[in-house]
>>> print(open('target.tsv').read())   # TSV, C-alpha atoms and all ligand atoms
chain	number	residue	atom	x	y	z
D	287	MET	CA	15.44	13.20	15.13
D	288	LYS	CA	11.74	13.18	14.52
D	289	VAL	CA	9.86	13.27	11.21
D	290	LEU	CA	6.14	13.99	11.06
D	291	GLY	CA	4.50	12.27	8.09
D	292	ILE	CA	1.25	13.25	6.38
D	293	GLU	CA	-0.74	10.98	4.05
D	294	SER	CA	-3.65	12.38	2.01
D	295	SER	CA	-3.39	10.77	-1.44
D	296	CYS	CA	-6.85	9.24	-1.55
D	297	ASP	CA	-9.51	8.56	1.07
D	298	GLU	CA	-7.51	8.25	4.28
D	299	THR	CA	-5.98	11.11	6.21
D	300	GLY	CA	-3.00	9.78	8.15
D	301	VAL	CA	-0.47	11.49	10.39
D	302	ALA	CA	2.41	9.80	12.19
D	303	ILE	CA	5.70	10.57	13.89
D	304	TYR	CA	8.82	8.51	13.32
D	305	ASP	CA	11.67	8.92	15.79
D	306	SER	CA	15.16	7.88	14.63
D	307	ASP	CA	15.92	6.40	18.08
D	308	LYS	CA	12.58	4.92	19.07
D	309	GLY	CA	10.90	4.13	15.74
D	310	LEU	CA	7.23	4.86	15.27
D	311	VAL	CA	6.03	6.89	18.26
D	312	ALA	CA	2.54	7.95	17.10
D	313	HIS	CA	0.06	7.39	14.33
D	314	ALA	CA	-3.41	8.79	13.81
D	315	LEU	CA	-5.81	7.96	11.00
D	316	HIS	CA	-9.18	9.02	9.70
D	317	SER	CA	-10.78	6.86	7.04
D	318	GLN	CA	-13.38	8.45	4.74
D	319	ILE	CA	-14.85	5.06	3.78
D	320	ALA	CA	-18.25	5.75	5.38
D	321	MET	CA	-18.53	9.07	3.53
D	322	HIS	CA	-17.73	7.60	0.09
D	323	ALA	CA	-19.61	4.30	0.57
D	324	GLN	CA	-22.96	5.88	-0.30
D	325	TYR	CA	-21.56	6.78	-3.75
D	326	GLY	CA	-19.99	3.33	-4.33
D	327	GLY	CA	-16.48	4.78	-4.68
D	328	VAL	CA	-14.23	7.73	-3.86
D	329	VAL	CA	-15.61	11.17	-4.83
D	330	PRO	CA	-12.41	13.23	-5.28
D	331	GLU	CA	-13.82	16.65	-4.34
D	332	LEU	CA	-15.39	15.28	-1.15
D	333	ALA	CA	-12.09	13.57	-0.33
D	334	SER	CA	-10.14	16.85	-0.60
D	335	ARG	CA	-12.63	18.74	1.54
D	336	ASP	CA	-12.60	16.09	4.22
D	337	HIS	CA	-8.78	16.02	4.34
D	338	ILE	CA	-8.90	19.77	5.06
D	339	LYS	CA	-11.21	19.16	8.03
D	340	ARG	CA	-9.24	16.25	9.49
D	341	ILE	CA	-5.62	17.10	8.99
D	342	ILE	CA	-4.95	19.57	11.82
D	343	PRO	CA	-6.83	17.61	14.51
D	344	LEU	CA	-4.90	14.49	13.44
D	345	ILE	CA	-1.57	16.34	13.67
D	346	ASN	CA	-2.49	17.46	17.19
D	347	GLN	CA	-3.54	13.92	18.07
D	348	ALA	CA	-0.23	12.47	16.85
D	349	LEU	CA	1.82	15.09	18.70
D	350	GLN	CA	-0.09	14.36	21.87
D	351	GLU	CA	0.32	10.60	21.48
D	352	ALA	CA	4.08	11.04	21.00
D	353	ASN	CA	4.15	13.42	23.94
D	354	THR	CA	5.99	15.95	21.82
D	355	SER	CA	5.45	19.39	20.29
D	356	LEU	CA	5.97	20.89	16.85
D	357	ASP	CA	9.26	22.52	17.83
D	358	GLU	CA	10.77	19.08	18.45
D	359	ILE	CA	9.98	17.95	14.90
D	360	ASN	CA	12.95	18.01	12.49
D	361	ALA	CA	11.13	17.63	9.17
D	362	ILE	CA	7.62	17.32	7.72
D	363	ALA	CA	7.14	14.55	5.16
D	364	TYR	CA	4.10	14.35	2.93
D	365	THR	CA	2.78	12.12	0.16
D	366	SER	CA	3.36	14.18	-2.97
D	367	GLY	CA	2.15	11.46	-5.37
D	368	PRO	CA	0.82	9.39	-6.94
D	369	GLY	CA	-2.82	10.02	-6.04
D	370	LEU	CA	-5.77	12.36	-6.48
D	371	ILE	CA	-4.48	15.85	-7.19
D	372	GLY	CA	-6.89	17.72	-4.90
D	373	ALA	CA	-6.33	15.30	-2.03
D	374	LEU	CA	-2.54	15.44	-2.48
D	375	LEU	CA	-2.61	19.24	-2.50
D	376	VAL	CA	-4.18	19.35	0.96
D	377	GLY	CA	-1.35	17.35	2.54
D	378	ALA	CA	1.24	19.22	0.48
D	379	MET	CA	-0.02	22.67	1.49
D	380	GLU	CA	-0.24	21.70	5.14
D	381	ALA	CA	3.23	20.16	5.16
D	382	ARG	CA	4.86	23.03	3.28
D	383	ALA	CA	3.16	25.66	5.44
D	384	LEU	CA	4.17	23.91	8.65
D	385	ALA	CA	7.75	23.36	7.50
D	386	TYR	CA	8.05	26.99	6.39
D	387	ALA	CA	6.60	28.34	9.63
D	388	LEU	CA	8.87	26.11	11.72
D	389	GLY	CA	11.94	26.77	9.57
D	390	ILE	CA	12.50	23.06	8.92
D	391	LYS	CA	12.69	20.86	5.82
D	392	ALA	CA	9.73	19.45	3.95
D	393	ILE	CA	10.18	16.03	2.35
D	394	GLU	CA	8.25	14.68	-0.63
D	395	VAL	CA	7.30	11.02	-0.27
D	396	HIS	CA	6.25	8.62	-3.02
D	397	HIS	CA	3.08	6.88	-1.81
D	398	MET	CA	4.09	3.49	-3.24
D	399	GLU	CA	7.54	3.67	-1.61
D	400	GLY	CA	5.60	4.26	1.59
D	401	HIS	CA	3.59	1.07	1.04
D	402	LEU	CA	6.73	-0.85	0.08
D	403	LEU	CA	8.57	0.19	3.25
D	404	ALA	CA	5.59	-0.39	5.60
D	405	PRO	CA	6.77	-3.95	6.51
D	406	MET	CA	9.95	-2.31	7.84
D	407	LEU	CA	7.88	-0.82	10.68
D	408	GLU	CA	7.55	-4.33	12.16
D	409	ASP	CA	9.96	-6.19	14.44
D	410	ASN	CA	12.40	-8.26	12.39
D	411	PRO	CA	12.33	-6.09	9.25
D	412	PRO	CA	13.48	-7.61	5.94
D	413	ALA	CA	17.09	-7.34	4.83
D	414	PHE	CA	17.88	-6.26	1.26
D	415	PRO	CA	17.70	-7.34	-1.53
D	416	PHE	CA	14.16	-8.66	-2.00
D	417	VAL	CA	11.27	-8.94	-4.41
D	418	ALA	CA	8.33	-6.73	-3.44
D	419	LEU	CA	4.73	-7.47	-4.36
D	420	LEU	CA	2.67	-4.27	-4.14
D	421	VAL	CA	-1.03	-5.00	-4.24
D	422	SER	CA	-3.24	-2.01	-3.56
D	423	GLY	CA	-6.34	-0.25	-4.84
D	424	GLY	CA	-4.51	1.34	-7.76
D	425	HIS	CA	-1.43	-0.83	-8.28
D	426	THR	CA	-0.31	-4.42	-8.74
D	427	MET	CA	3.44	-4.59	-9.21
D	428	LEU	CA	6.35	-6.92	-8.76
D	429	ILE	CA	9.53	-5.03	-8.05
D	430	LYS	CA	13.17	-6.04	-7.76
D	431	VAL	CA	14.45	-4.09	-4.76
D	432	GLU	CA	18.21	-4.10	-4.47
D	433	LYS	CA	18.22	-1.31	-1.91
D	434	ILE	CA	15.93	1.53	-0.92
D	435	GLY	CA	15.13	3.56	-4.03
D	436	SER	CA	16.51	0.98	-6.46
D	437	TYR	CA	13.22	-0.23	-7.88
D	438	GLU	CA	13.13	-2.28	-11.07
D	439	ILE	CA	9.56	-3.05	-12.13
D	440	LEU	CA	9.45	-6.73	-13.11
D	441	GLY	CA	5.78	-6.76	-13.97
D	442	GLU	CA	2.47	-5.04	-13.36
D	443	SER	CA	-1.21	-5.31	-14.11
D	444	VAL	CA	-2.13	-4.61	-17.71
D	445	ASP	CA	-5.69	-3.73	-16.64
D	446	ASP	CA	-7.35	-3.72	-13.19
D	447	ALA	CA	-5.24	-3.58	-10.04
D	448	ALA	CA	-5.79	-6.46	-7.58
D	449	GLY	CA	-7.68	-4.18	-5.15
D	450	GLU	CA	-9.80	-2.86	-7.98
D	451	ALA	CA	-10.64	-6.44	-8.99
D	452	PHE	CA	-11.70	-7.18	-5.40
D	453	ASP	CA	-13.79	-4.02	-5.27
D	454	LYS	CA	-15.50	-4.58	-8.65
D	455	THR	CA	-16.19	-8.25	-7.92
D	456	ALA	CA	-17.56	-7.33	-4.50
D	457	LYS	CA	-19.86	-4.81	-6.19
D	458	LEU	CA	-21.19	-7.56	-8.49
D	459	LEU	CA	-21.93	-9.56	-5.34
D	460	GLY	CA	-23.82	-6.62	-3.88
D	461	LEU	CA	-21.24	-5.87	-1.17
D	462	PRO	CA	-20.54	-2.31	0.04
D	463	TYR	CA	-17.51	-0.23	-0.96
D	464	PRO	CA	-14.61	-0.90	-0.58
D	465	GLY	CA	-15.42	-4.51	-1.24
D	466	GLY	CA	-12.09	-6.22	-0.49
D	467	PRO	CA	-12.60	-6.82	3.25
D	468	HIS	CA	-16.31	-7.69	2.77
D	469	LEU	CA	-15.46	-10.17	0.04
D	470	GLU	CA	-12.82	-11.76	2.27
D	471	LYS	CA	-15.43	-12.31	4.97
D	472	LEU	CA	-17.99	-13.76	2.55
D	473	ALA	CA	-15.37	-16.10	1.04
D	474	GLN	CA	-14.80	-17.75	4.42
D	475	ASN	CA	-18.10	-19.63	4.06
D	476	GLY	CA	-17.50	-20.56	0.42
D	477	ASP	CA	-16.65	-23.91	-1.17
D	478	SER	CA	-13.34	-23.73	-3.00
D	479	LYS	CA	-14.40	-26.46	-5.44
D	480	ALA	CA	-17.65	-24.86	-6.58
D	481	TYR	CA	-16.09	-22.93	-9.48
D	482	HIS	CA	-12.79	-22.82	-11.28
D	483	PHE	CA	-12.09	-19.26	-12.33
D	484	PRO	CA	-9.19	-18.47	-14.69
D	485	ARG	CA	-5.67	-17.80	-13.38
D	486	PRO	CA	-4.94	-15.04	-15.89
D	487	MET	CA	-1.59	-14.82	-17.70
D	488	LEU	CA	0.04	-17.72	-15.88
D	489	ASP	CA	1.05	-19.21	-19.21
D	490	ARG	CA	2.98	-16.06	-20.15
D	491	ASP	CA	6.66	-15.96	-19.46
D	492	ASN	CA	6.58	-12.62	-17.68
D	493	CYS	CA	5.57	-11.09	-14.35
D	494	ASP	CA	2.58	-9.12	-15.63
D	495	PHE	CA	-0.94	-9.55	-14.30
D	496	SER	CA	-4.43	-9.17	-15.73
D	497	PHE	CA	-7.54	-9.24	-13.57
D	498	ALA	CA	-10.27	-7.84	-15.84
D	499	GLY	CA	-11.14	-11.26	-17.33
D	500	LEU	CA	-11.53	-12.76	-13.89
D	501	LYS	CA	-14.19	-10.19	-13.07
D	502	THR	CA	-16.05	-11.13	-16.29
D	503	ALA	CA	-15.86	-14.82	-15.34
D	504	VAL	CA	-17.44	-13.95	-12.00
D	505	LEU	CA	-20.20	-11.99	-13.73
D	506	ASN	CA	-20.97	-14.92	-16.06
D	507	ALA	CA	-21.03	-17.38	-13.16
D	508	LEU	CA	-23.30	-15.10	-11.18
D	509	ASN	CA	-25.72	-14.61	-14.09
D	510	LYS	CA	-26.05	-18.37	-14.56
D	511	SER	CA	-26.46	-19.08	-10.84
D	512	ASP	CA	-29.37	-19.16	-8.39
D	513	LYS	CA	-27.76	-16.13	-6.64
D	514	SER	CA	-28.32	-17.76	-3.24
D	515	ALA	CA	-26.22	-16.71	-0.26
D	516	GLN	CA	-24.22	-19.96	-0.50
D	517	THR	CA	-23.57	-19.44	-4.22
D	518	GLN	CA	-22.35	-15.92	-3.55
D	519	ALA	CA	-19.99	-17.19	-0.86
D	520	ASN	CA	-18.74	-19.89	-3.25
D	521	ILE	CA	-18.08	-17.31	-5.96
D	522	ALA	CA	-16.26	-15.05	-3.47
D	523	ARG	CA	-14.13	-17.98	-2.31
D	524	CYS	CA	-13.23	-19.16	-5.81
D	525	PHE	CA	-12.47	-15.59	-6.92
D	526	SER	CA	-10.11	-14.98	-4.03
D	527	ASP	CA	-8.44	-18.39	-4.58
D	528	ALA	CA	-7.84	-17.43	-8.22
D	529	VAL	CA	-6.25	-14.10	-7.21
D	530	ALA	CA	-4.14	-15.78	-4.50
D	531	ASP	CA	-2.91	-18.50	-6.90
D	532	THR	CA	-2.08	-15.95	-9.59
D	533	LEU	CA	-0.17	-13.71	-7.18
D	534	SER	CA	1.77	-16.69	-5.79
D	535	ALA	CA	2.71	-18.01	-9.21
D	536	LYS	CA	3.91	-14.60	-10.40
D	537	CYS	CA	5.88	-14.01	-7.18
D	538	ASN	CA	7.56	-17.37	-7.71
D	539	LYS	CA	8.46	-16.36	-11.26
D	540	ALA	CA	9.85	-13.01	-10.10
D	541	LEU	CA	11.94	-14.60	-7.33
D	542	LYS	CA	13.39	-17.11	-9.80
D	543	GLN	CA	14.14	-14.35	-12.29
D	544	CYS	CA	16.04	-12.32	-9.66
D	545	GLY	CA	17.66	-15.26	-7.91
D	546	TYR	CA	16.27	-13.95	-4.59
D	547	ASN	CA	14.45	-15.87	-1.87
D	548	ARG	CA	12.97	-13.01	0.14
D	549	LEU	CA	9.49	-11.62	-0.53
D	550	VAL	CA	7.99	-8.41	0.87
D	551	VAL	CA	4.24	-7.94	0.40
D	552	ALA	CA	2.51	-4.60	0.86
D	553	GLY	CA	-0.60	-2.58	-0.04
D	554	GLY	CA	-4.25	-2.92	0.97
D	555	VAL	CA	-4.82	-6.35	-0.60
D	556	SER	CA	-1.96	-7.79	1.48
D	557	ALA	CA	-4.34	-7.51	4.47
D	558	ASN	CA	-6.26	-10.46	2.98
D	559	SER	CA	-5.66	-13.58	5.09
D	560	ALA	CA	-6.12	-16.06	2.22
D	561	ILE	CA	-3.54	-14.18	0.15
D	562	ARG	CA	-1.15	-13.96	3.09
D	563	GLU	CA	-1.52	-17.71	3.63
D	564	SER	CA	-0.98	-18.60	-0.01
D	565	LEU	CA	2.18	-16.46	-0.25
D	566	THR	CA	3.44	-17.76	3.10
D	567	ASN	CA	3.02	-21.34	1.82
D	568	LEU	CA	4.94	-20.45	-1.32
D	569	MET	CA	7.87	-19.07	0.67
D	570	HIS	CA	7.74	-22.03	3.04
D	571	LYS	CA	8.02	-24.41	0.06
D	572	ARG	CA	10.89	-22.35	-1.34
D	573	GLY	CA	12.64	-22.26	2.05
D	574	GLY	CA	12.64	-18.47	1.78
D	575	GLU	CA	11.49	-15.56	3.90
D	576	ILE	CA	8.31	-13.49	3.70
D	577	PHE	CA	7.42	-10.15	5.28
D	578	PHE	CA	4.13	-8.28	5.64
D	579	ALA	CA	3.07	-5.11	7.40
D	580	ARG	CA	0.59	-5.46	10.27
D	581	LYS	CA	-2.90	-5.34	8.74
D	582	GLU	CA	-3.66	-1.72	9.70
D	583	PHE	CA	-0.51	-0.60	7.85
D	584	CYS	CA	-1.40	-2.50	4.65
D	585	THR	CA	-3.97	0.12	3.62
D	586	ASP	CA	-3.10	3.83	3.51
D	587	ASN	CA	-1.67	5.32	6.70
D	588	GLY	CA	0.65	8.04	7.95
D	589	ALA	CA	3.15	5.66	9.57
D	590	MET	CA	4.57	4.44	6.26
D	591	ILE	CA	4.90	8.05	5.05
D	592	ALA	CA	6.73	9.11	8.23
D	593	LEU	CA	9.16	6.19	7.80
D	594	ALA	CA	9.74	6.81	4.08
D	595	GLY	CA	10.08	10.53	4.91
D	596	MET	CA	12.75	9.78	7.54
D	597	VAL	CA	14.68	7.69	5.01
D	598	ARG	CA	14.56	10.45	2.37
D	599	TYR	CA	15.43	13.05	5.04
D	600	LEU	CA	18.54	11.07	5.97
D	601	ASN	CA	19.45	11.10	2.28
D	602	ALA	CA	19.13	14.90	2.33
D	603	GLU	CA	16.33	14.97	-0.25
D	604	TYR	CA	14.54	18.16	0.67
D	605	ALA	CA	11.53	19.64	-1.10
D	606	SER	CA	11.98	23.02	-2.74
D	607	LEU	CA	9.83	25.95	-1.64
D	608	GLU	CA	7.47	25.20	-4.51
D	609	VAL	CA	4.47	23.12	-3.51
D	610	ASN	CA	4.87	20.03	-5.66
D	611	VAL	CA	2.45	17.18	-6.17
D	612	HIS	CA	2.73	14.42	-8.78
D	613	PRO	CA	-0.58	12.63	-9.47
D	614	ARG	CA	1.43	10.30	-11.72
D	615	TRP	CA	4.94	9.47	-10.64
D	616	PRO	CA	6.82	6.31	-11.68
D	617	LEU	CA	8.61	4.55	-8.81
D	618	SER	CA	11.62	4.07	-11.05
D	619	MET	CA	12.33	7.83	-10.84
D	620	LEU	CA	13.35	7.64	-7.18
D	621	LYS	CA	16.97	7.90	-6.09
D	622	ALA	CA	18.75	4.85	-4.71
D	623	ILE	CA	20.02	5.22	-1.13
D	624	GLU	CA	23.15	3.54	0.21
D	625	GLN	CA	22.32	1.18	3.06
D	626	ASP	CA	24.83	2.78	5.43
D	627	LYS	CA	22.86	6.02	5.50
D	628	VAL	CA	19.67	4.40	6.77
D	629	LYS	CA	20.57	1.11	8.44
D	630	ASN	CA	20.52	2.54	11.95
D	631	ILE	CA	16.92	3.58	11.70
D	632	LEU	CA	15.72	0.49	9.80
D	633	TYR	CA	17.45	-2.09	12.00
D	634	ARG	CA	17.40	-0.61	15.48
M	701	LIG	N1	-8.86	-7.90	3.41
M	701	LIG	C1	-8.81	-7.47	2.16
M	701	LIG	N2	-8.94	-8.33	1.13
M	701	LIG	C2	-8.86	-7.90	-0.15
M	701	LIG	N3	-8.69	-6.62	-0.49
M	701	LIG	C3	-8.56	-5.72	0.50
M	701	LIG	C4	-8.60	-6.09	1.87
M	701	LIG	N4	-8.44	-4.97	2.62
M	701	LIG	C5	-8.32	-3.95	1.75
M	701	LIG	N5	-8.38	-4.39	0.48
M	701	LIG	C6	-8.34	-3.60	-0.75
M	701	LIG	O1	-7.21	-2.77	-0.73
M	701	LIG	C7	-7.49	-1.57	-1.45
M	701	LIG	C8	-7.08	-0.38	-0.65
M	701	LIG	O2	-5.70	-0.47	-0.43
M	701	LIG	P1	-4.74	0.79	-0.41
M	701	LIG	O3	-5.24	1.72	0.63
M	701	LIG	O4	-3.38	0.29	-0.29
M	701	LIG	O5	-5.00	1.30	-1.88
M	701	LIG	P2	-5.07	2.76	-2.44
M	701	LIG	O6	-4.25	3.64	-1.58
M	701	LIG	O7	-6.50	3.08	-2.71
M	701	LIG	O8	-4.33	2.57	-3.84
M	701	LIG	P3	-2.80	2.99	-4.21
M	701	LIG	O9	-1.99	2.78	-2.99
M	701	LIG	O10	-2.48	2.09	-5.34
M	701	LIG	O11	-2.91	4.42	-4.59
M	701	LIG	C9	-8.97	-1.60	-1.78
M	701	LIG	O12	-9.13	-1.97	-3.12
M	701	LIG	C10	-9.51	-2.66	-0.82
M	701	LIG	O13	-10.66	-3.32	-1.27
M	702	MG	MG	-2.37	3.30	-1.05
>>> encode(input="target.tsv", output="structure tokens", more="lines below")
Ligand SMILES: Nc1ncnc2c1ncn2[C@@H]1O[C@H](COP(=O)(O)OP(=O)(O)OP(=O)(O)O)[C@@H](O)[C@H]1O
Ligand SMILES: [Mg+2]
Amino acid sequence: MKVLGIESSCDETGVAIYDSDKGLVAHALHSQIAMHAQYGGVVPELASRDHIKRIIPLINQALQEANTSLDEINAIAYTSGPGLIGALLVGAMEARALAYALGIKAIEVHHMEGHLLAPMLEDNPPAFPFVALLVSGGHTMLIKVEKIGSYEILGESVDDAAGEAFDKTAKLLGLPYPGGPHLEKLAQNGDSKAYHFPRPMLDRDNCDFSFAGLKTAVLNALNKSDKSAQTQANIARCFSDAVADTLSAKCNKALKQCGYNRLVVAGGVSANSAIRESLTNLMHKRGGEIFFARKEFCTDNGAMIALAGMVRYLNAEYASLEVNVHPRWPLSMLKAIEQDKVKNILYR
């Protein structure tokens, strides 16, 4: 069986094909970063229009890469939320139209379930249960994952998401959008002892996060500084250390709370090497296991949507003929799936 997955929730158009026997057989991506960078952030209307331009060529590219044709595809999965409504509608219309024309099922995929399952595209995928840390542009969440679809939110950010904090801090430092990867690079030359930024909410006995104050601390430090290149690198380094420490401490709390010793980390910010290292050290100290997606599958992509779509297809969750998108859609609304139904495709 083959599922074609379409991602269009924000500023990446992604298409991929997941084969139940062979795993991921193709993935194609177009990032709109260069288009939005001149505005300092995503312009929703431009995003939607660009998805329209890219989506069909990317589908053709993925089919070609997989050496397959549309009539060999069993279902079309698409991100139906959460995300920008106009951008979501492009993927939804394309997926529904294709599925209808081919007489096959369309599958609605939750974007954050896509991120959460992305590490399962790698060799040696995690077993269940685990704690998942989702750190992306719009979300920072700790989730108790007993099985696919059984998602108990243990904590989340009360203000900025981790990716948003990276992007806003990078903007203060004069770096281009999206700032996360640029800030990571700048931080490599920074002195970790130059500043001590707050580790927000570590004293609280919960798994929630807050990153807005950290951004203010950076702004104050910057205003008082000589703004030299070295100072900027020092600030970048100390900011990313503060985020890494906070994420590690909260992951530790969540693992203790659940009695688990397996951590799965996903979302754009999990591409950050310093954060990967800090969380890997935590799990090493705990004698536990840690799993990440390869870096290109940390940020938005079609591969994670094709995989999540295959899983939901195997659970017979088909979209109705209505074209549905859900700009807001809590993860906790998803259905739990018994392991037996999906283990053959997850652990091939
Ligand atoms: N190396 C990195 N270091 C820090 N942050 C990074 C890195 N690479 C990407 N990011 C951040 O990840 C975010 C993008 O990730 P992702 O594509 O998962 O988010 P999104 O799809 O915009 O949000 P969501 O999935 O919550 O809707 C941006 O904020 C970006 O700055
Ligand atoms: Mg995303």
>>> closest_atom_pairs(input="target.tsv", of="region 390-508 of chain D", to="region 287-305 of chain D", cutoff="9 Å", atoms="all atoms listed in the file", output="CSV")
residue,atom,partner,partner_atom,distance
D:Ile393,CA,D:Gly291,CA,8.9
D:Val395,CA,D:Gly291,CA,8.9
D:His397,CA,D:Ser295,CA,7.6
>>> residues_near_ligand(input="target.tsv", ligand="ligand LIG 701 (chain M)", cutoff="8 Å", atoms="only C-alpha atoms and all ligand atoms", output="ChimeraX atom specification")
/D:295-298,368-369,397-398,401,421-426,447-453,463-470,552-559,584-587
>>> atom_distance(input="target.tsv", atom1="CA of Ser478 (chain D)", atom2="CA of Cys524 (chain D)")
5.4 Å
>>> closest_residue(input="target.tsv", among="D:Ile521, D:Met406, D:Leu600, D:Ile631", to="Ala503 (chain D)", atoms="only C-alpha atoms")
D:Ile521
>>> residues_around(input="target.tsv", residues="region 568-583 of chain D", least_positions_apart="2", cutoff="7 Å", atoms="only C-alpha atoms", output="list in words")
Ala404, Pro405, Glu408, Pro412, Ser534, Asn547, Arg548, Leu549, Val550, Val551, Ala552, Ala557, Ser564, Leu565, Thr566, Thr585, Asp586 and Asn587 of chain D
>>> closest_residue(input="target.tsv", among="D:Ile341, D:Leu315, D:Met590, D:Ala528", to="ligand MG 702 (chain M)", atoms="only C-alpha atoms and all ligand atoms")
D:Met590
>>> closest_residue(input="target.tsv", among="D:Met596, D:Leu459, D:Tyr437, D:Ala392", to="Lys629 (chain D)", atoms="only C-alpha atoms")
D:Met596
>>> closest_residue(input="target.tsv", among="D:Tyr325, D:Asn475, D:Gln347, D:Tyr386", to="Ser606 (chain D)", atoms="only C-alpha atoms")
D:Tyr386
>>> atom_distance(input="target.tsv", atom1="CA of Pro343 (chain D)", atom2="CA of Ser366 (chain D)")
20.5 Å
>>> atom_distance(input="target.tsv", atom1="CA of Cys544 (chain D)", atom2="CA of Gly441 (chain D)")
12.4 Å
>>> closest_residue(input="target.tsv", among="D:Ile591, D:Val417, D:Ala361, D:Ile345", to="ligand MG 702 (chain M)", atoms="all atoms listed in the file")
D:Ile591
>>> closest_residue(input="target.tsv", among="D:Thr532, D:Asn492, D:Ser436, D:Thr365", to="ligand MG 702 (chain M)", atoms="only C-alpha atoms and all ligand atoms")
D:Thr365
>>> residues_around(input="target.tsv", residues="Arg485 (chain D)", least_positions_apart="5", cutoff="12 Å", atoms="all atoms listed in the file", output="list in words")
Arg490, Phe495, Ser496, Phe497, Ala498, Gly499, Leu500, Lys501, Ala503, Cys524, Phe525, Ser526, Asp527, Ala528, Val529, Ala530, Asp531, Thr532, Leu533, Ser534, Ala535 and Lys536 of chain D
>>> write_last_selection(input="target.tsv", atoms="C-alpha atoms", output="PDB file, in the frame of the given file")
ATOM      1  CA  ARG D 490       2.980 -16.060 -20.150  1.00  0.00           C
ATOM      2  CA  PHE D 495      -0.940  -9.550 -14.300  1.00  0.00           C
ATOM      3  CA  SER D 496      -4.430  -9.170 -15.730  1.00  0.00           C
ATOM      4  CA  PHE D 497      -7.540  -9.240 -13.570  1.00  0.00           C
ATOM      5  CA  ALA D 498     -10.270  -7.840 -15.840  1.00  0.00           C
ATOM      6  CA  GLY D 499     -11.140 -11.260 -17.330  1.00  0.00           C
ATOM      7  CA  LEU D 500     -11.530 -12.760 -13.890  1.00  0.00           C
ATOM      8  CA  LYS D 501     -14.190 -10.190 -13.070  1.00  0.00           C
ATOM      9  CA  ALA D 503     -15.860 -14.820 -15.340  1.00  0.00           C
ATOM     10  CA  CYS D 524     -13.230 -19.160  -5.810  1.00  0.00           C
ATOM     11  CA  PHE D 525     -12.470 -15.590  -6.920  1.00  0.00           C
ATOM     12  CA  SER D 526     -10.110 -14.980  -4.030  1.00  0.00           C
ATOM     13  CA  ASP D 527      -8.440 -18.390  -4.580  1.00  0.00           C
ATOM     14  CA  ALA D 528      -7.840 -17.430  -8.220  1.00  0.00           C
ATOM     15  CA  VAL D 529      -6.250 -14.100  -7.210  1.00  0.00           C
ATOM     16  CA  ALA D 530      -4.140 -15.780  -4.500  1.00  0.00           C
ATOM     17  CA  ASP D 531      -2.910 -18.500  -6.900  1.00  0.00           C
ATOM     18  CA  THR D 532      -2.080 -15.950  -9.590  1.00  0.00           C
ATOM     19  CA  LEU D 533      -0.170 -13.710  -7.180  1.00  0.00           C
ATOM     20  CA  SER D 534       1.770 -16.690  -5.790  1.00  0.00           C
ATOM     21  CA  ALA D 535       2.710 -18.010  -9.210  1.00  0.00           C
ATOM     22  CA  LYS D 536       3.910 -14.600 -10.400  1.00  0.00           C
TER      23      LYS D 536
END
>>> residues_near_point(input="target.tsv", point="(24.7, 11.5, -5.7)", cutoff="12 Å", atoms="all atoms listed in the file", output="PyMOL selection string")
chain D and resi 601-603+621-624
>>> axis_aligned_box(input="target.tsv", around="region 415-430 of chain D", padding_each_side="6 Å", output="JSON")
{"center_x": 5.7, "center_y": -3.8, "center_z": -5.4, "size_x": 36.0, "size_y": 22.3, "size_z": 19.7}
